[in-house]
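What follows is model.tsv (TSV, C-alpha atoms).
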chain	number	residue	atom	x	y	z
V	28	MET	CA	-3.63	-9.57	18.10
V	29	SER	CA	-3.98	-13.10	16.68
V	30	PHE	CA	-5.05	-14.28	13.22
V	31	PRO	CA	-5.85	-17.64	11.60
V	32	SER	CA	-2.95	-19.30	9.81
V	33	SER	CA	-4.81	-19.86	6.54
V	34	LEU	CA	-7.07	-17.88	4.21
V	35	SER	CA	-10.75	-18.64	3.70
V	36	PHE	CA	-11.60	-18.10	0.02
V	37	THR	CA	-15.09	-16.77	-0.72
V	38	SER	CA	-15.10	-16.44	-4.53
V	39	GLU	CA	-12.92	-16.93	-7.59
V	40	THR	CA	-13.02	-15.56	-11.15
V	41	SER	CA	-10.61	-15.49	-14.08
V	42	SER	CA	-10.31	-12.90	-16.85
V	43	ALA	CA	-7.65	-11.98	-19.41
V	44	GLY	CA	-5.15	-14.38	-17.88
V	45	VAL	CA	-5.64	-13.16	-14.31
V	46	ARG	CA	-7.11	-15.27	-11.52
V	47	GLU	CA	-8.87	-13.24	-8.81
V	48	GLN	CA	-9.63	-14.81	-5.43
V	49	LEU	CA	-11.54	-12.96	-2.72
V	50	PHE	CA	-10.67	-14.15	0.78
V	51	SER	CA	-10.92	-13.44	4.46
V	52	LEU	CA	-8.33	-13.92	7.15
V	53	GLY	CA	-10.41	-13.91	10.26
V	54	GLU	CA	-12.25	-10.59	9.96
V	55	LEU	CA	-9.85	-9.16	7.35
V	56	PRO	CA	-11.28	-9.08	3.79
V	57	GLY	CA	-8.78	-9.20	0.95
V	58	VAL	CA	-8.18	-10.12	-2.67
V	59	LEU	CA	-5.40	-12.10	-4.34
V	60	TRP	CA	-4.52	-11.87	-8.03
V	61	THR	CA	-2.27	-14.45	-9.70
V	62	PRO	CA	-1.63	-15.63	-13.27
V	63	ALA	CA	-4.35	-18.04	-14.41
V	64	GLY	CA	-3.10	-21.60	-13.95
V	65	ALA	CA	-0.12	-20.46	-11.87
V	66	ALA	CA	1.79	-23.02	-9.81
V	67	GLY	CA	4.92	-22.65	-7.73
V	68	THR	CA	6.76	-19.79	-6.09
V	69	ARG	CA	6.68	-16.25	-7.49
V	70	PRO	CA	7.28	-12.67	-6.34
V	71	LEU	CA	4.44	-11.06	-4.42
V	72	VAL	CA	3.43	-7.39	-4.28
V	73	LEU	CA	1.25	-6.13	-1.42
V	74	MET	CA	-0.72	-3.01	-2.40
V	75	GLY	CA	-2.10	-0.41	0.02
V	76	HIS	CA	-5.15	1.51	-1.22
V	77	GLY	CA	-5.79	5.23	-0.80
V	78	GLY	CA	-8.00	7.00	1.72
V	79	GLY	CA	-11.71	6.50	1.11
V	80	GLN	CA	-10.96	3.64	-1.32
V	81	HIS	CA	-10.88	-0.14	-0.93
V	82	LYS	CA	-9.02	-3.28	-1.97
V	83	LYS	CA	-10.60	-3.34	-5.46
V	84	ALA	CA	-10.47	0.37	-6.27
V	85	PRO	CA	-9.99	0.81	-10.05
V	86	ASP	CA	-6.38	1.99	-9.77
V	87	ILE	CA	-5.52	-0.97	-7.53
V	88	VAL	CA	-7.06	-3.44	-9.99
V	89	THR	CA	-5.31	-1.84	-12.98
V	90	ARG	CA	-1.90	-2.01	-11.32
V	91	ALA	CA	-2.48	-5.54	-10.05
V	92	HIS	CA	-3.34	-6.80	-13.53
V	93	ARG	CA	-0.18	-5.21	-14.96
V	94	PHE	CA	2.03	-6.82	-12.30
V	95	VAL	CA	0.37	-10.20	-12.89
V	96	THR	CA	0.30	-10.24	-16.70
V	97	GLU	CA	3.65	-8.56	-17.40
V	98	CYS	CA	5.74	-9.89	-14.51
V	99	GLY	CA	3.98	-13.11	-13.48
V	100	TYR	CA	3.65	-11.86	-9.91
V	101	ALA	CA	1.05	-12.48	-7.24
V	102	VAL	CA	-0.62	-9.32	-5.90
V	103	VAL	CA	-2.61	-8.96	-2.68
V	104	ALA	CA	-4.67	-6.08	-1.28
V	105	VAL	CA	-6.66	-5.82	1.95
V	106	ASP	CA	-9.33	-3.37	3.09
V	107	VAL	CA	-7.88	-1.16	5.81
V	108	PRO	CA	-10.00	-0.47	8.92
V	109	ALA	CA	-13.29	1.39	8.23
V	110	HIS	CA	-12.88	0.94	4.45
V	111	GLY	CA	-14.39	-1.39	1.88
V	112	ASP	CA	-16.09	-4.42	3.43
V	113	ARG	CA	-14.89	-3.63	6.94
V	114	PRO	CA	-17.25	-2.13	9.52
V	115	LYS	CA	-17.14	1.51	10.49
V	116	VAL	CA	-14.96	2.41	13.47
V	117	GLU	CA	-16.68	4.83	15.81
V	118	GLU	CA	-13.39	6.27	17.04
V	119	TYR	CA	-12.25	7.01	13.48
V	120	ASP	CA	-15.55	8.73	12.62
V	121	ARG	CA	-15.23	10.88	15.73
V	122	LEU	CA	-11.66	11.87	14.91
V	123	ALA	CA	-12.59	12.65	11.30
V	124	ALA	CA	-15.36	14.97	12.45
V	125	GLU	CA	-13.05	16.65	14.95
V	126	ASN	CA	-10.37	17.12	12.29
V	127	GLN	CA	-12.87	18.66	9.87
V	128	ALA	CA	-13.87	21.13	12.56
V	129	ARG	CA	-10.23	21.98	13.25
V	130	VAL	CA	-9.51	22.61	9.58
V	131	ALA	CA	-12.64	24.79	9.34
V	132	ALA	CA	-11.28	26.76	12.30
V	133	GLY	CA	-7.97	27.35	10.52
V	134	ALA	CA	-5.82	24.35	11.48
V	135	GLU	CA	-3.44	22.83	8.93
V	136	LEU	CA	-4.68	19.59	7.39
V	137	ALA	CA	-1.35	17.75	7.00
V	138	PRO	CA	-0.51	17.33	10.73
V	139	LEU	CA	-4.03	16.04	11.44
V	140	VAL	CA	-3.82	13.49	8.61
V	141	ALA	CA	-0.37	12.39	9.79
V	142	GLU	CA	-1.59	11.84	13.34
V	143	PHE	CA	-4.56	9.80	12.13
V	144	GLN	CA	-2.48	7.63	9.80
V	145	ALA	CA	0.04	6.88	12.54
V	146	MET	CA	-2.79	5.64	14.74
V	147	VAL	CA	-4.25	3.40	12.01
V	148	ALA	CA	-0.80	2.00	11.15
V	149	ARG	CA	-0.46	0.54	14.62
V	150	ARG	CA	-3.35	-1.74	13.63
V	151	THR	CA	-2.61	-2.39	9.96
V	152	VAL	CA	1.07	-3.35	10.24
V	153	PRO	CA	0.35	-6.59	12.17
V	154	GLU	CA	-2.68	-7.24	9.94
V	155	TRP	CA	-0.65	-7.00	6.76
V	156	ARG	CA	2.14	-9.16	8.16
V	157	ALA	CA	-0.43	-11.85	9.01
V	158	VAL	CA	-1.87	-11.67	5.48
V	159	LEU	CA	1.63	-11.98	4.05
V	160	ASP	CA	2.24	-15.08	6.20
V	161	ALA	CA	-1.00	-16.71	5.02
V	162	VAL	CA	-0.60	-15.85	1.32
V	163	GLN	CA	2.95	-17.17	1.20
V	164	ARG	CA	1.71	-20.56	2.45
V	165	LEU	CA	-0.25	-21.00	-0.81
V	166	GLY	CA	1.28	-23.32	-3.37
V	167	HIS	CA	0.76	-20.88	-6.26
V	168	VAL	CA	2.48	-18.01	-4.39
V	169	GLY	CA	5.18	-19.40	-2.09
V	170	THR	CA	7.96	-17.54	-0.34
V	171	GLY	CA	9.39	-15.49	-3.19
V	172	PRO	CA	10.61	-11.90	-2.87
V	173	VAL	CA	8.07	-9.32	-1.70
V	174	GLY	CA	7.39	-5.76	-2.85
V	175	TYR	CA	5.08	-3.03	-1.59
V	176	TRP	CA	3.13	-0.37	-3.50
V	177	GLY	CA	1.14	2.39	-1.80
V	178	VAL	CA	0.47	6.12	-2.16
V	179	CYS	CA	-1.57	8.57	-0.08
V	180	LEU	CA	-3.02	6.50	2.81
V	181	GLY	CA	-1.15	3.54	1.32
V	182	CYS	CA	2.07	5.48	1.92
V	183	GLY	CA	1.17	6.61	5.42
V	184	LEU	CA	0.47	3.02	6.41
V	185	GLY	CA	3.08	1.53	4.10
V	186	VAL	CA	6.15	3.30	5.47
V	187	PRO	CA	5.87	1.72	8.94
V	188	PHE	CA	4.99	-1.63	7.34
V	189	VAL	CA	8.03	-1.64	5.05
V	190	ALA	CA	10.20	-0.53	7.96
V	191	ALA	CA	8.95	-3.43	10.09
V	192	GLU	CA	8.80	-6.21	7.48
V	193	ALA	CA	12.15	-7.73	6.51
V	194	ARG	CA	10.61	-9.70	3.63
V	195	VAL	CA	9.95	-6.52	1.60
V	196	ARG	CA	12.79	-6.01	-0.87
V	197	ALA	CA	11.54	-2.93	-2.77
V	198	ALA	CA	8.76	-0.37	-2.43
V	199	VAL	CA	6.92	2.25	-4.46
V	200	LEU	CA	5.64	4.99	-2.14
V	201	GLY	CA	4.39	8.54	-2.48
V	202	LEU	CA	1.85	11.30	-1.88
V	203	GLY	CA	2.78	11.14	1.80
V	204	GLY	CA	4.59	13.39	4.23
V	205	ALA	CA	7.24	13.16	6.91
V	206	LEU	CA	5.21	14.43	9.86
V	207	ALA	CA	4.19	10.95	11.05
V	208	SER	CA	6.57	8.76	9.05
V	209	ALA	CA	10.09	10.18	9.27
V	210	GLU	CA	11.24	7.92	12.11
V	211	ALA	CA	9.98	4.78	10.38
V	212	ALA	CA	11.31	5.99	7.00
V	213	ALA	CA	14.81	6.19	8.44
V	214	ARG	CA	14.64	2.43	9.12
V	215	ILE	CA	13.83	1.61	5.48
V	216	THR	CA	16.92	0.48	3.59
V	217	VAL	CA	15.43	-1.27	0.54
V	218	PRO	CA	15.22	0.43	-2.89
V	219	VAL	CA	12.35	2.94	-3.08
V	220	GLU	CA	10.66	4.76	-5.95
V	221	PHE	CA	8.92	7.82	-4.46
V	222	LEU	CA	6.15	9.84	-6.12
V	223	VAL	CA	5.45	13.52	-5.47
V	224	GLN	CA	2.78	15.64	-7.10
V	225	TRP	CA	4.30	19.13	-7.30
V	226	ASP	CA	0.96	20.91	-6.85
V	227	ASP	CA	-0.43	18.52	-4.20
V	228	GLU	CA	-3.22	20.27	-2.32
V	229	ARG	CA	-3.28	17.71	0.51
V	230	VAL	CA	0.39	17.02	1.24
V	231	PRO	CA	2.63	20.12	1.28
V	232	ARG	CA	5.47	19.77	-1.19
V	233	ALA	CA	8.09	20.37	1.50
V	234	ASP	CA	6.61	17.61	3.65
V	235	GLY	CA	6.70	15.09	0.79
V	236	LEU	CA	10.29	15.99	-0.05
V	237	ALA	CA	11.19	15.68	3.63
V	238	LEU	CA	9.81	12.13	3.70
V	239	PHE	CA	11.90	11.23	0.65
V	240	ASP	CA	14.95	12.74	2.35
V	241	ALA	CA	14.21	10.78	5.56
V	242	LEU	CA	14.26	7.39	3.79
V	243	GLY	CA	17.30	5.43	4.88
V	244	SER	CA	17.65	3.71	1.51
V	245	THR	CA	20.88	4.20	-0.38
V	246	GLU	CA	18.95	3.50	-3.60
V	247	LYS	CA	15.95	5.82	-3.80
V	248	THR	CA	14.52	7.75	-6.74
V	249	LEU	CA	12.25	10.80	-6.63
V	250	HIS	CA	9.59	11.05	-9.34
V	251	ALA	CA	8.05	14.54	-9.18
V	252	ASN	CA	5.26	15.42	-11.58
V	253	PRO	CA	3.18	18.58	-11.95
V	254	GLY	CA	-0.47	18.39	-10.93
V	255	PRO	CA	-2.75	17.83	-7.94
V	256	HIS	CA	-2.83	15.03	-5.36
V	257	GLY	CA	-4.84	12.66	-7.54
V	258	GLY	CA	-3.01	13.44	-10.77
V	259	ILE	CA	-0.26	10.83	-10.93
V	260	PRO	CA	0.50	10.35	-14.65
V	261	ALA	CA	-0.45	6.98	-16.13
V	262	TYR	CA	3.13	6.40	-17.28
V	263	GLU	CA	4.28	6.12	-13.66
V	264	LEU	CA	2.73	2.64	-13.71
V	265	ASP	CA	5.14	1.69	-16.50
V	266	SER	CA	7.97	2.82	-14.27
V	267	ALA	CA	6.64	0.83	-11.32
V	268	VAL	CA	6.51	-2.33	-13.46
V	269	ARG	CA	10.15	-1.84	-14.48
V	270	PHE	CA	11.16	-1.02	-10.90
V	271	PHE	CA	9.69	-4.21	-9.45
V	272	ALA	CA	10.96	-6.33	-12.33
V	273	ARG	CA	14.46	-5.02	-11.59
V	274	HIS	CA	14.34	-5.70	-7.85
V	275	LEU	CA	12.01	-8.70	-7.49
V	276	GLY	CA	12.97	-10.58	-10.66
Write-out of the structure in structure tokens:
Amino acid sequence: MSFPSSLSFTSETSSAGVREQLFSLGELPGVLWTPAGAAGTRPLVLMGHGGGQHKKAPDIVTRAHRFVTECGYAVVAVDVPAHGDRPKVEEYDRLAAENQARVAAGAELAPLVAEFQAMVARRTVPEWRAVLDAVQRLGHVGTGPVGYWGVCLGCGLGVPFVAAEARVRAAVLGLGGALASAEAAARITVPVEFLVQWDDERVPRADGLALFDALGSTEKTLHANPGPHGGIPAYELDSAVRFFARHLG
């Protein structure tokens, strides 16, 4: 799999001190946020969006703006296959339909989701590494320390990415399970903040705790909150800002 060495920017806007640049890297659509008027090297956070979402989902934009305005970071997000501005993938649609039928027939959802995410990760890990290469060539980003943030699908795809990418120095992960990710999680040694929703209806609590346990990091913190899969408290963003500030500078 080969990619261009540089980004092609398609639009640019600025608001509230944040510069937003939409780009493509070959066929990969993405977005880069940086401080308005930024120049020189700075930390960079790559964000993985959730299932059924896209690179500019509201929660992604909110977190990106906080990392930019409060920390001076660059933030990048990319549409994963079959999401956002990327075309549908016939194989994924077929598997989704098959999985729905299996669940309707009594199968457990978590193993099916884990199998699907492991398949998609084989494609997204090289894509995200190529995006990281291209973004770090920009004069207003540079080769500063890198962080990763991703929950739900962003965790399922993020664990193998963080395990494979030596530039990542810290990661916020969560709402994911160990069924597909335990082996990759064991190779992660950077600091991790891990989010679990205690009443998660999609990821069994035991599976989420098993993924936290599987992480090879000596510095890892479990943040468990009551509520369903989509109920991460707003104050966890405050914690993520502090976490990255501590580890990325």
Go ahead and compute the interatomic distance for atom CA of V:Arg194 and atom CA of V:Pro218, in Å to one decimal.
-> 12.9 Å
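In terms of minimum interatomic distance to V:Ala207, V:Gln144 ranks closest within V:Gln144, V:Thr61, V:Thr96, V:Gln127, counting all atoms listed in the file.
One finds atom CA of V:Val58 at 12.1 Å from atom CA of V:His76.
If only C-alpha atoms are the atoms counted, then among V:Pro231, V:Pro253, V:Gly75, V:Gly99 the closest residue to V:Glu135 is V:Pro231.
Picture a line from atom CA of V:Gly177 to atom CA of V:Ala131; it runs 28.6 Å.
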Would you kindly return, as number ranges by chain, each protein, DNA or RNA residue with an atom no farther than 12 Å from any atom of V:Ser41, considering only C-alpha atoms and excluding same-chain residues fewer than 5 positions away?
-> V: 46-49, 59-65, 92
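You can rank V:Arg273, V:His256, V:Lys247, V:Arg214 by their closest distance to V:Asp226 using only C-alpha atoms, and at the top of that list sits V:His256.
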Residue with smallest distance to V:Ser38 - pool V:Ser208, V:Ser51, V:Ser266, V:Gln163, counting all atoms listed in the file | V:Ser51
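Using only C-alpha atoms, the smallest distance between any of V:Leu202, V:Val88, V:Arg150, V:Val103 and V:Arg229 comes from V:Leu202.
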With all atoms listed in the file as the basis for distance, which of V:Ile215, V:Val223, V:Leu71, V:Ala205 is at the shortest distance from V:His167?
-> V:Leu71
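The protein and nucleic acid residues lying at most 7 Å from V:Ala211 are Val186, Pro187 and Ala190 of chain V, with only C-alpha atoms considered and sequence neighbours fewer than 6 positions away removed.
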Could you turn the residues from that selection into a file that holds C-alpha atoms, as a CSV table (one decimal), in the coordinates of the input?
chain,number,residue,atom,x,y,z
V,186,VAL,CA,6.2,3.3,5.5
V,187,PRO,CA,5.9,1.7,8.9
V,190,ALA,CA,10.2,-0.5,8.0
Local residues around (-7.5, -6.9, 5.0), at most 12 Å away, using all atoms listed in the file, as a PDB file with C-alpha atoms, keeping the file's coordinate frame:
ATOM      1  CA  PHE V  30      -5.050 -14.280  13.220  1.00  0.00           C
ATOM      2  CA  LEU V  34      -7.070 -17.880   4.210  1.00  0.00           C
ATOM      3  CA  LEU V  49     -11.540 -12.960  -2.720  1.00  0.00           C
ATOM      4  CA  PHE V  50     -10.670 -14.150   0.780  1.00  0.00           C
ATOM      5  CA  SER V  51     -10.920 -13.440   4.460  1.00  0.00           C
ATOM      6  CA  LEU V  52      -8.330 -13.920   7.150  1.00  0.00           C
ATOM      7  CA  GLY V  53     -10.410 -13.910  10.260  1.00  0.00           C
ATOM      8  CA  GLU V  54     -12.250 -10.590   9.960  1.00  0.00           C
ATOM      9  CA  LEU V  55      -9.850  -9.160   7.350  1.00  0.00           C
ATOM     10  CA  PRO V  56     -11.280  -9.080   3.790  1.00  0.00           C
ATOM     11  CA  GLY V  57      -8.780  -9.200   0.950  1.00  0.00           C
ATOM     12  CA  VAL V  58      -8.180 -10.120  -2.670  1.00  0.00           C
ATOM     13  CA  LEU V  59      -5.400 -12.100  -4.340  1.00  0.00           C
ATOM     14  CA  LEU V  73       1.250  -6.130  -1.420  1.00  0.00           C
ATOM     15  CA  MET V  74      -0.720  -3.010  -2.400  1.00  0.00           C
ATOM     16  CA  GLY V  75      -2.100  -0.410   0.020  1.00  0.00           C
ATOM     17  CA  HIS V  76      -5.150   1.510  -1.220  1.00  0.00           C
ATOM     18  CA  HIS V  81     -10.880  -0.140  -0.930  1.00  0.00           C
ATOM     19  CA  LYS V  82      -9.020  -3.280  -1.970  1.00  0.00           C
ATOM     20  CA  LYS V  83     -10.600  -3.340  -5.460  1.00  0.00           C
ATOM     21  CA  VAL V 103      -2.610  -8.960  -2.680  1.00  0.00           C
ATOM     22  CA  ALA V 104      -4.670  -6.080  -1.280  1.00  0.00           C
ATOM     23  CA  VAL V 105      -6.660  -5.820   1.950  1.00  0.00           C
ATOM     24  CA  ASP V 106      -9.330  -3.370   3.090  1.00  0.00           C
ATOM     25  CA  VAL V 107      -7.880  -1.160   5.810  1.00  0.00           C
ATOM     26  CA  PRO V 108     -10.000  -0.470   8.920  1.00  0.00           C
ATOM     27  CA  ALA V 109     -13.290   1.390   8.230  1.00  0.00           C
ATOM     28  CA  HIS V 110     -12.880   0.940   4.450  1.00  0.00           C
ATOM     29  CA  GLY V 111     -14.390  -1.390   1.880  1.00  0.00           C
ATOM     30  CA  ASP V 112     -16.090  -4.420   3.430  1.00  0.00           C
ATOM     31  CA  ARG V 113     -14.890  -3.630   6.940  1.00  0.00           C
ATOM     32  CA  PRO V 114     -17.250  -2.130   9.520  1.00  0.00           C
ATOM     33  CA  ARG V 150      -3.350  -1.740  13.630  1.00  0.00           C
ATOM     34  CA  THR V 151      -2.610  -2.390   9.960  1.00  0.00           C
ATOM     35  CA  VAL V 152       1.070  -3.350  10.240  1.00  0.00           C
ATOM     36  CA  PRO V 153       0.350  -6.590  12.170  1.00  0.00           C
ATOM     37  CA  GLU V 154      -2.680  -7.240   9.940  1.00  0.00           C
ATOM     38  CA  TRP V 155      -0.650  -7.000   6.760  1.00  0.00           C
ATOM     39  CA  ARG V 156       2.140  -9.160   8.160  1.00  0.00           C
ATOM     40  CA  ALA V 157      -0.430 -11.850   9.010  1.00  0.00           C
ATOM     41  CA  VAL V 158      -1.870 -11.670   5.480  1.00  0.00           C
ATOM     42  CA  LEU V 159       1.630 -11.980   4.050  1.00  0.00           C
ATOM     43  CA  ALA V 161      -1.000 -16.710   5.020  1.00  0.00           C
ATOM     44  CA  VAL V 162      -0.600 -15.850   1.320  1.00  0.00           C
TER      45      VAL V 162
END
Kindly extract all protein, DNA and RNA residues lying within 12 Å of the coordinates (22.2, 7.0, 1.9) given in the file, considering all atoms listed in the file, and supply them as a VMD selection string.
-> chain V and resid 213 to 219 239 to 248
Those residues you just picked out, can you put them in a file as a PDB file, in the frame of the given file with C-alpha atoms?
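Everything below was put into part_6.pdb:
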ATOM      1  CA  ALA V 213      14.810   6.190   8.440  1.00  0.00           C
ATOM      2  CA  ARG V 214      14.640   2.430   9.120  1.00  0.00           C
ATOM      3  CA  ILE V 215      13.830   1.610   5.480  1.00  0.00           C
ATOM      4  CA  THR V 216      16.920   0.480   3.590  1.00  0.00           C
ATOM      5  CA  VAL V 217      15.430  -1.270   0.540  1.00  0.00           C
ATOM      6  CA  PRO V 218      15.220   0.430  -2.890  1.00  0.00           C
ATOM      7  CA  VAL V 219      12.350   2.940  -3.080  1.00  0.00           C
ATOM      8  CA  PHE V 239      11.900  11.230   0.650  1.00  0.00           C
ATOM      9  CA  ASP V 240      14.950  12.740   2.350  1.00  0.00           C
ATOM     10  CA  ALA V 241      14.210  10.780   5.560  1.00  0.00           C
ATOM     11  CA  LEU V 242      14.260   7.390   3.790  1.00  0.00           C
ATOM     12  CA  GLY V 243      17.300   5.430   4.880  1.00  0.00           C
ATOM     13  CA  SER V 244      17.650   3.710   1.510  1.00  0.00           C
ATOM     14  CA  THR V 245      20.880   4.200  -0.380  1.00  0.00           C
ATOM     15  CA  GLU V 246      18.950   3.500  -3.600  1.00  0.00           C
ATOM     16  CA  LYS V 247      15.950   5.820  -3.800  1.00  0.00           C
ATOM     17  CA  THR V 248      14.520   7.750  -6.740  1.00  0.00           C
TER      18      THR V 248
END
Could you write stretch 200-219 of chain V as an mmCIF file, in the frame of the given file, with N, CA and C atoms rebuilt where they are missing?
data_model
loop_
_atom_site.group_PDB
_atom_site.id
_atom_site.type_symbol
_atom_site.label_atom_id
_atom_site.label_comp_id
_atom_site.auth_asym_id
_atom_site.auth_seq_id
_atom_site.Cartn_x
_atom_site.Cartn_y
_atom_site.Cartn_z
ATOM 1 N N LEU V 200 6.371 4.192 -3.116
ATOM 2 C CA LEU V 200 5.640 4.990 -2.140
ATOM 3 C C LEU V 200 5.422 6.385 -2.688
ATOM 4 N N GLY V 201 4.543 7.162 -2.041
ATOM 5 C CA GLY V 201 4.390 8.540 -2.480
ATOM 6 C C GLY V 201 3.118 9.193 -1.984
ATOM 7 N N LEU V 202 2.993 10.480 -2.299
ATOM 8 C CA LEU V 202 1.850 11.300 -1.880
ATOM 9 C C LEU V 202 1.677 11.253 -0.373
ATOM 10 N N GLY V 203 2.785 11.170 0.345
ATOM 11 C CA GLY V 203 2.780 11.140 1.800
ATOM 12 C C GLY V 203 3.815 12.096 2.342
ATOM 13 N N GLY V 204 3.686 12.434 3.630
ATOM 14 C CA GLY V 204 4.590 13.390 4.230
ATOM 15 C C GLY V 204 5.356 12.832 5.409
ATOM 16 N N ALA V 205 6.302 13.623 5.885
ATOM 17 C CA ALA V 205 7.240 13.160 6.910
ATOM 18 C C ALA V 205 6.729 13.357 8.332
ATOM 19 N N LEU V 206 5.613 14.067 8.515
ATOM 20 C CA LEU V 206 5.210 14.430 9.860
ATOM 21 C C LEU V 206 5.007 13.223 10.777
ATOM 22 N N ALA V 207 4.416 12.145 10.237
ATOM 23 C CA ALA V 207 4.190 10.950 11.050
ATOM 24 C C ALA V 207 5.147 9.822 10.717
ATOM 25 N N SER V 208 5.863 9.927 9.584
ATOM 26 C CA SER V 208 6.570 8.760 9.050
ATOM 27 C C SER V 208 8.079 8.872 9.033
ATOM 28 N N ALA V 209 8.650 9.996 9.436
ATOM 29 C CA ALA V 209 10.090 10.180 9.270
ATOM 30 C C ALA V 209 10.902 9.160 10.061
ATOM 31 N N GLU V 210 10.490 8.870 11.288
ATOM 32 C CA GLU V 210 11.240 7.920 12.110
ATOM 33 C C GLU V 210 11.244 6.530 11.487
ATOM 34 N N ALA V 211 10.062 6.083 11.031
ATOM 35 C CA ALA V 211 9.980 4.780 10.380
ATOM 36 C C ALA V 211 10.725 4.794 9.046
ATOM 37 N N ALA V 212 10.634 5.891 8.300
ATOM 38 C CA ALA V 212 11.310 5.990 7.000
ATOM 39 C C ALA V 212 12.812 5.816 7.149
ATOM 40 N N ALA V 213 13.362 6.295 8.231
ATOM 41 C CA ALA V 213 14.810 6.190 8.440
ATOM 42 C C ALA V 213 15.248 4.740 8.587
ATOM 43 N N ARG V 214 14.311 3.850 8.954
ATOM 44 C CA ARG V 214 14.640 2.430 9.120
ATOM 45 C C ARG V 214 14.484 1.652 7.816
ATOM 46 N N ILE V 215 13.984 2.282 6.769
ATOM 47 C CA ILE V 215 13.830 1.610 5.480
ATOM 48 C C ILE V 215 15.156 1.678 4.729
ATOM 49 N N THR V 216 15.643 0.531 4.301
ATOM 50 C CA THR V 216 16.920 0.480 3.590
ATOM 51 C C THR V 216 16.804 -0.152 2.209
ATOM 52 N N VAL V 217 15.606 -0.639 1.841
ATOM 53 C CA VAL V 217 15.430 -1.270 0.540
ATOM 54 C C VAL V 217 15.250 -0.189 -0.537
ATOM 55 N N PRO V 218 15.436 -0.543 -1.812
ATOM 56 C CA PRO V 218 15.220 0.430 -2.890
ATOM 57 C C PRO V 218 13.784 0.969 -2.866
ATOM 58 N N VAL V 219 13.655 2.280 -3.096
ATOM 59 C CA VAL V 219 12.350 2.940 -3.080
ATOM 60 C C VAL V 219 12.219 3.851 -4.298
#
